[in-house]
Amino acid sequence: MISAALAHAEKLLDHTVLPDTPRHVGRLVSHDAGMLEVTGFNRPIGTGAKLICGDGTAARAEVVGFRGNKAVLVPLDVDAPLENGVRVEPDSAANQVQVGEGLIGRIIDAMGQPLDRKGPILAQGHWPINGVRGNVLDRGRVTERFDLGVRAVNALLTAGRGQRIAIIAGSGVGKSVLMGQMIAGAEADIVVVGLIGERGREVTDFIETKLAGGMMRKSVVVAVPADHPPVLRLRAAARATAIAEYFRARGKQVLLLIDSLTRCAHAQREIGLSLGEPPAMKGYPPSALALIPRLAERAGVDSRSGGSITALYTVLADGDDTDDPIVDAARAIVDGHIVLSRHLSEQSIFPAIDIGKSLSRVMADVTDEEHMRAAAMYRALWAAYEENRDLILMGAYRPGNDPLIDEAVARRNQVLDFLRQSAKSQIDIDASIAALQAEFGA
């Protein structure tokens, strides 16, 4: 019996992954175009690694794929003095995110290092960077309204606590400004912001203008500018989501903002194409499109803790193409989308929301019938005008042919004025709904 037990124990040891055993230490044999090939490093994709450089310092890397019997790693420290033959060791701590109350009010990078010069992060908790896989039935329904402080959104695209919303627009149409306005008006215990692939100037601008005053005291910011390696941009989005998950597990109402989801997909595209993945739609490999549901599905309501993550993702429509693969993939997985119109923006209408193309899939679950009737009337007037815009502007439409079109033309300015709101103002959800019902109710 004893010998059998020993034999069984030895068999288990042979198949157990031990991070410090010599057989899991590899050697760098090639590095080209930002990709490292390592032999003898049999670790799964996503595993962190340390490369012991020639000067004795340790550089960090992450496993992103395999070529034959070699592991392909991407370095996280771009200026590390790497040489062929250096020792590669597993780094189990790389897959854990530092979390805790000490993060609140801080600005960190993709690796969790402080950027705000306020000293070390005093947070002792840890959370897996890729989240904790749970039972799908633990995801609660969205049944409570969520105030975002924007009249058009509150009244016509009413959000729910735990909803995931995509803000879709071309460049320079006002995505980031609208997101900042929503932060100021949101009812949340914690705000987690992921600034992914932004210009360096915009990071400072976002923090000093959108998180001004007391808002920063309940916020955590993860910032990685556009000039950082693609793997760091992906880790920043995953880190921001993991921090939000930690606070949700403790019953907090969290607002998560990722700006932008498109740049995360661009980062995955760079990695996928470097690994030899075949490009699919518009040059995006399958892994870039698969990234979007992996991130978005981590937000939502946790029925066990009572906490929630209400998520806002900005999505850049390249060339104002709302059928772009990333836009289409995001729109299919989230619970609602807000499409911004360049045509409305050029008329100095802010927020430039195209109500006809925007939708909240949870609105019917968090509003009453009177509110829904008023919103339906607004949408009917909007659609009647947009569908007949060319006829109306050319003078080809004759008044009296259709009562709804006549009303849409007569009330066009009223419809557009309901959208308009100063970027620095907030209108609460009750006032927004009351205004809609007063102007467009039965």
# chains A, B, ... in the order shown; residues from 1 in each chain; ligands from 1

call {"tool": "select_by_dssp", "arguments": {"residues": "range 103-189 of chain A", "states": "helix (DSSP H, G or I)", "output": "ChimeraX atom specification"}}
result
/A:103,136-138,151-156,175-185

call {"tool": "write_last_selection", "arguments": {"atoms": "all heavy atoms", "output": "short mmCIF file (atom, residue, chain, number, x, y, z; two decimals), in the first residue's frame"}}
result
data_model
loop_
_atom_site.label_atom_id
_atom_site.label_comp_id
_atom_site.auth_asym_id
_atom_site.auth_seq_id
_atom_site.Cartn_x
_atom_site.Cartn_y
_atom_site.Cartn_z
N LEU A 103 -5.96 51.57 -3.86
CA LEU A 103 -5.92 51.97 -5.27
C LEU A 103 -6.78 53.19 -5.56
O LEU A 103 -6.56 53.89 -6.54
CB LEU A 103 -6.41 50.82 -6.16
CG LEU A 103 -5.41 49.74 -6.56
CD1 LEU A 103 -6.13 48.62 -7.30
CD2 LEU A 103 -4.31 50.32 -7.43
N VAL A 136 -22.64 31.00 -14.97
CA VAL A 136 -23.38 32.01 -15.71
C VAL A 136 -24.68 32.38 -15.01
O VAL A 136 -25.19 33.51 -15.16
CB VAL A 136 -23.66 31.51 -17.15
CG1 VAL A 136 -24.62 30.33 -17.15
CG2 VAL A 136 -24.19 32.64 -18.02
N LEU A 137 -25.22 31.49 -14.19
CA LEU A 137 -26.47 31.78 -13.49
C LEU A 137 -26.27 32.73 -12.31
O LEU A 137 -27.25 33.19 -11.71
CB LEU A 137 -27.11 30.47 -12.99
CG LEU A 137 -27.54 29.50 -14.10
CD1 LEU A 137 -28.18 28.26 -13.50
CD2 LEU A 137 -28.49 30.17 -15.08
N ASP A 138 -25.02 33.03 -11.97
CA ASP A 138 -24.75 34.02 -10.93
C ASP A 138 -24.85 35.44 -11.48
O ASP A 138 -24.77 36.39 -10.70
CB ASP A 138 -23.35 33.80 -10.33
CG ASP A 138 -23.27 32.52 -9.52
OD1 ASP A 138 -24.31 32.09 -9.00
OD2 ASP A 138 -22.16 31.94 -9.41
N ARG A 151 -29.39 64.13 -20.46
CA ARG A 151 -30.85 64.08 -20.65
C ARG A 151 -31.26 63.12 -21.78
O ARG A 151 -32.16 62.30 -21.60
CB ARG A 151 -31.38 65.48 -20.94
CG ARG A 151 -32.89 65.51 -21.21
CD ARG A 151 -33.39 66.94 -21.29
NE ARG A 151 -32.67 67.66 -22.35
CZ ARG A 151 -32.66 68.99 -22.44
NH1 ARG A 151 -33.31 69.73 -21.54
NH2 ARG A 151 -32.00 69.59 -23.42
N ALA A 152 -30.60 63.22 -22.92
CA ALA A 152 -30.98 62.37 -24.05
C ALA A 152 -30.79 60.90 -23.74
O ALA A 152 -31.61 60.06 -24.13
CB ALA A 152 -30.17 62.76 -25.29
N VAL A 153 -29.72 60.57 -23.02
CA VAL A 153 -29.46 59.18 -22.66
C VAL A 153 -30.45 58.71 -21.60
O VAL A 153 -31.05 57.63 -21.71
CB VAL A 153 -28.01 59.00 -22.18
CG1 VAL A 153 -27.77 57.57 -21.71
CG2 VAL A 153 -27.03 59.36 -23.29
N ASN A 154 -30.63 59.50 -20.55
CA ASN A 154 -31.54 59.12 -19.47
C ASN A 154 -32.97 58.92 -19.97
O ASN A 154 -33.67 58.01 -19.51
CB ASN A 154 -31.52 60.20 -18.38
CG ASN A 154 -30.30 60.10 -17.48
OD1 ASN A 154 -29.65 59.06 -17.42
ND2 ASN A 154 -29.99 61.19 -16.80
N ALA A 155 -33.41 59.77 -20.88
CA ALA A 155 -34.81 59.73 -21.31
C ALA A 155 -35.06 58.77 -22.47
O ALA A 155 -36.07 58.07 -22.49
CB ALA A 155 -35.26 61.14 -21.69
N LEU A 156 -34.15 58.73 -23.43
CA LEU A 156 -34.41 57.99 -24.67
C LEU A 156 -33.64 56.68 -24.77
O LEU A 156 -34.02 55.79 -25.55
CB LEU A 156 -34.05 58.86 -25.88
CG LEU A 156 -34.84 60.17 -25.97
CD1 LEU A 156 -34.20 61.10 -26.99
CD2 LEU A 156 -36.30 59.90 -26.32
N LYS A 175 -16.72 61.36 -28.41
CA LYS A 175 -16.87 60.18 -27.55
C LYS A 175 -16.32 60.43 -26.15
O LYS A 175 -16.98 60.18 -25.15
CB LYS A 175 -16.14 58.98 -28.16
CG LYS A 175 -16.65 58.53 -29.49
CD LYS A 175 -15.93 57.27 -29.98
CE LYS A 175 -14.44 57.47 -30.12
NZ LYS A 175 -14.08 58.50 -31.12
N SER A 176 -15.09 60.93 -26.09
CA SER A 176 -14.44 61.13 -24.78
C SER A 176 -15.13 62.21 -23.97
O SER A 176 -15.24 62.11 -22.74
CB SER A 176 -12.96 61.47 -24.98
OG SER A 176 -12.27 60.39 -25.59
N VAL A 177 -15.61 63.26 -24.65
CA VAL A 177 -16.32 64.34 -23.93
C VAL A 177 -17.61 63.81 -23.34
O VAL A 177 -17.94 64.09 -22.18
CB VAL A 177 -16.59 65.52 -24.88
CG1 VAL A 177 -17.39 66.60 -24.16
CG2 VAL A 177 -15.29 66.09 -25.41
N LEU A 178 -18.35 63.01 -24.11
CA LEU A 178 -19.59 62.42 -23.61
C LEU A 178 -19.30 61.48 -22.45
O LEU A 178 -20.04 61.47 -21.45
CB LEU A 178 -20.31 61.69 -24.73
CG LEU A 178 -21.62 60.98 -24.35
CD1 LEU A 178 -22.63 61.96 -23.77
CD2 LEU A 178 -22.20 60.23 -25.54
N MET A 179 -18.23 60.70 -22.55
CA MET A 179 -17.87 59.80 -21.46
C MET A 179 -17.55 60.57 -20.19
O MET A 179 -17.98 60.20 -19.09
CB MET A 179 -16.68 58.93 -21.87
CG MET A 179 -16.23 57.96 -20.79
SD MET A 179 -14.89 56.89 -21.33
CE MET A 179 -15.78 55.65 -22.24
N GLY A 180 -16.82 61.68 -20.33
CA GLY A 180 -16.52 62.50 -19.15
C GLY A 180 -17.77 63.09 -18.52
O GLY A 180 -17.88 63.17 -17.30
N GLN A 181 -18.74 63.48 -19.35
CA GLN A 181 -19.99 64.00 -18.83
C GLN A 181 -20.76 62.93 -18.07
O GLN A 181 -21.38 63.20 -17.04
CB GLN A 181 -20.83 64.55 -19.99
CG GLN A 181 -22.08 65.30 -19.56
CD GLN A 181 -22.82 65.89 -20.75
OE1 GLN A 181 -22.64 65.45 -21.88
NE2 GLN A 181 -23.65 66.89 -20.50
N MET A 182 -20.72 61.70 -18.59
CA MET A 182 -21.40 60.60 -17.91
C MET A 182 -20.75 60.27 -16.57
O MET A 182 -21.43 59.93 -15.60
CB MET A 182 -21.41 59.36 -18.81
CG MET A 182 -22.33 59.47 -20.01
SD MET A 182 -22.23 58.00 -21.05
CE MET A 182 -23.57 58.30 -22.20
N ILE A 183 -19.43 60.36 -16.50
CA ILE A 183 -18.74 60.12 -15.23
C ILE A 183 -19.23 61.09 -14.18
O ILE A 183 -19.53 60.72 -13.04
CB ILE A 183 -17.21 60.26 -15.40
CG1 ILE A 183 -16.65 59.14 -16.26
CG2 ILE A 183 -16.51 60.25 -14.05
CD1 ILE A 183 -15.18 59.30 -16.57
N ALA A 184 -19.32 62.38 -14.55
CA ALA A 184 -19.71 63.40 -13.59
C ALA A 184 -21.14 63.20 -13.08
O ALA A 184 -21.45 63.53 -11.94
CB ALA A 184 -19.56 64.79 -14.22
N GLY A 185 -22.01 62.64 -13.93
CA GLY A 185 -23.41 62.48 -13.53
C GLY A 185 -23.77 61.10 -13.03
O GLY A 185 -24.92 60.88 -12.63
#

call {"tool": "residues_around", "arguments": {"residues": "Gly134 in chain A", "least_positions_apart": "4", "cutoff": "12 Å", "atoms": "only C-alpha atoms", "output": "ChimeraX atom specification"}}
result
/A:138-139,245,249,297-298,302-304

call {"tool": "write_last_selection", "arguments": {"atoms": "N, CA and C atoms", "output": "PDB file, in the first residue's frame"}}
result
ATOM      1  N   ASP A 138     -25.016  33.025 -11.967  1.00  0.00           N
ATOM      2  CA  ASP A 138     -24.750  34.016 -10.929  1.00  0.00           C
ATOM      3  C   ASP A 138     -24.846  35.435 -11.475  1.00  0.00           C
ATOM      4  N   ARG A 139     -24.984  35.568 -12.781  1.00  0.00           N
ATOM      5  CA  ARG A 139     -25.135  36.892 -13.385  1.00  0.00           C
ATOM      6  C   ARG A 139     -26.583  37.345 -13.246  1.00  0.00           C
ATOM      7  N   GLU A 245     -13.868  44.139 -11.104  1.00  0.00           N
ATOM      8  CA  GLU A 245     -14.421  42.876 -10.610  1.00  0.00           C
ATOM      9  C   GLU A 245     -14.195  42.730  -9.111  1.00  0.00           C
ATOM     10  N   ALA A 249     -17.182  42.309  -6.378  1.00  0.00           N
ATOM     11  CA  ALA A 249     -17.290  41.142  -5.491  1.00  0.00           C
ATOM     12  C   ALA A 249     -17.488  41.549  -4.046  1.00  0.00           C
ATOM     13  N   GLU A 297     -17.921  40.511 -21.419  1.00  0.00           N
ATOM     14  CA  GLU A 297     -18.686  39.562 -20.620  1.00  0.00           C
ATOM     15  C   GLU A 297     -18.284  39.568 -19.149  1.00  0.00           C
ATOM     16  N   ARG A 298     -17.189  40.220 -18.811  1.00  0.00           N
ATOM     17  CA  ARG A 298     -16.765  40.279 -17.413  1.00  0.00           C
ATOM     18  C   ARG A 298     -17.542  41.333 -16.624  1.00  0.00           C
ATOM     19  N   ASP A 302     -23.604  40.997 -10.256  1.00  0.00           N
ATOM     20  CA  ASP A 302     -23.265  39.774  -9.517  1.00  0.00           C
ATOM     21  C   ASP A 302     -24.375  39.525  -8.501  1.00  0.00           C
ATOM     22  N   SER A 303     -25.181  38.510  -8.729  1.00  0.00           N
ATOM     23  CA  SER A 303     -26.323  38.249  -7.852  1.00  0.00           C
ATOM     24  C   SER A 303     -25.893  37.757  -6.478  1.00  0.00           C
ATOM     25  N   ARG A 304     -24.675  37.239  -6.350  1.00  0.00           N
ATOM     26  CA  ARG A 304     -24.216  36.750  -5.052  1.00  0.00           C
ATOM     27  C   ARG A 304     -23.818  37.900  -4.124  1.00  0.00           C
TER      28      ARG A 304
END

call {"tool": "residues_around", "arguments": {"residues": "Val74 in chain A", "least_positions_apart": "2", "cutoff": "6 Å", "atoms": "only C-alpha atoms", "output": "list of chain:residue names"}}
result
A:Met35, A:Ala61, A:Glu62

call {"tool": "write_last_selection", "arguments": {"atoms": "N, CA, C and O atoms", "output": "PDB file, in the first residue's frame"}}
result
ATOM      1  N   MET A  35       9.129  39.937 -31.015  1.00  0.00           N
ATOM      2  CA  MET A  35       8.739  38.598 -30.597  1.00  0.00           C
ATOM      3  C   MET A  35       9.967  37.816 -30.143  1.00  0.00           C
ATOM      4  O   MET A  35      11.024  37.890 -30.777  1.00  0.00           O
ATOM      5  N   ALA A  61       8.020  39.520 -19.538  1.00  0.00           N
ATOM      6  CA  ALA A  61       7.447  39.139 -20.829  1.00  0.00           C
ATOM      7  C   ALA A  61       6.199  38.305 -20.587  1.00  0.00           C
ATOM      8  O   ALA A  61       5.890  37.932 -19.449  1.00  0.00           O
ATOM      9  N   GLU A  62       5.473  38.020 -21.663  1.00  0.00           N
ATOM     10  CA  GLU A  62       4.244  37.233 -21.569  1.00  0.00           C
ATOM     11  C   GLU A  62       4.175  36.268 -22.742  1.00  0.00           C
ATOM     12  O   GLU A  62       4.506  36.629 -23.876  1.00  0.00           O
TER      13      GLU A  62
END

call {"tool": "select_by_dssp", "arguments": {"residues": "range 226-335 of chain A", "states": "strand (DSSP E)", "output": "list in words"}}
result
Gln253, Val254, Leu255, Leu256, Leu257, Ile258, Asp259, Gly300, Val301, Asp302, Ser308, Ile309, Thr310, Ala311, Leu312, Tyr313, Thr314, Val315 and Leu316 of chain A

call {"tool": "residues_around", "arguments": {"residues": "Val362 in chain A", "least_positions_apart": "6", "cutoff": "8 Å", "atoms": "only C-alpha atoms", "output": "ChimeraX atom specification"}}
result
/A:142-143,158-160,163,335-336

call {"tool": "atom_distance", "arguments": {"atom1": "CA of Gly40 in chain A", "atom2": "CA of Ile271 in chain A"}}
result
21.9 Å

call {"tool": "residues_around", "arguments": {"residues": "Arg87 in chain A", "least_positions_apart": "5", "cutoff": "6 Å", "atoms": "only C-alpha atoms", "output": "ChimeraX atom specification"}}
result
/A:27,51-52

call {"tool": "write_last_selection", "arguments": {"atoms": "N, CA, C and O atoms", "output": "mmCIF file, in the first residue's frame"}}
result
data_model
loop_
_atom_site.group_PDB
_atom_site.id
_atom_site.type_symbol
_atom_site.label_atom_id
_atom_site.label_comp_id
_atom_site.auth_asym_id
_atom_site.auth_seq_id
_atom_site.Cartn_x
_atom_site.Cartn_y
_atom_site.Cartn_z
ATOM 1 N N ARG A 27 15.346 29.003 -22.381
ATOM 2 C CA ARG A 27 16.438 29.819 -22.890
ATOM 3 C C ARG A 27 15.952 30.571 -24.129
ATOM 4 O O ARG A 27 15.302 29.997 -25.002
ATOM 5 N N LEU A 51 12.992 37.380 -17.848
ATOM 6 C CA LEU A 51 14.208 37.113 -18.606
ATOM 7 C C LEU A 51 15.375 37.766 -17.872
ATOM 8 O O LEU A 51 15.358 38.991 -17.640
ATOM 9 N N ILE A 52 16.340 36.977 -17.477
ATOM 10 C CA ILE A 52 17.482 37.486 -16.726
ATOM 11 C C ILE A 52 18.490 38.054 -17.729
ATOM 12 O O ILE A 52 19.169 37.308 -18.440
#

call {"tool": "residues_around", "arguments": {"residues": "Arg420 in chain A", "least_positions_apart": "6", "cutoff": "10 Å", "atoms": "only C-alpha atoms", "output": "JSON, numbers by chain"}}
result
{"A": [150, 151, 152, 348, 349, 350, 351, 352, 353]}

call {"tool": "closest_residue", "arguments": {"among": "A:Ala244, A:Ala384, A:Ile190, A:Ala238", "to": "Val409 in chain A", "atoms": "only C-alpha atoms"}}
result
A:Ala384

call {"tool": "residues_around", "arguments": {"residues": "Glu370 in chain A", "least_positions_apart": "4", "cutoff": "10 Å", "atoms": "only C-alpha atoms", "output": "list in words"}}
result
Ala374, Ala375, Ala376, Ile433, Gln437, Gly441 and Ala442 of chain A

call {"tool": "atom_distance", "arguments": {"atom1": "CA of Leu295 in chain A", "atom2": "CA of Gly48 in chain A"}}
result
19.4 Å

call {"tool": "atom_distance", "arguments": {"atom1": "CA of Arg342 in chain A", "atom2": "CA of Asp259 in chain A"}}
result
18.9 Å

call {"tool": "closest_residue", "arguments": {"among": "A:Leu381, A:Cys264, A:Ala438, A:Ile309", "to": "Arg294 in chain A", "atoms": "only C-alpha atoms"}}
result
A:Cys264
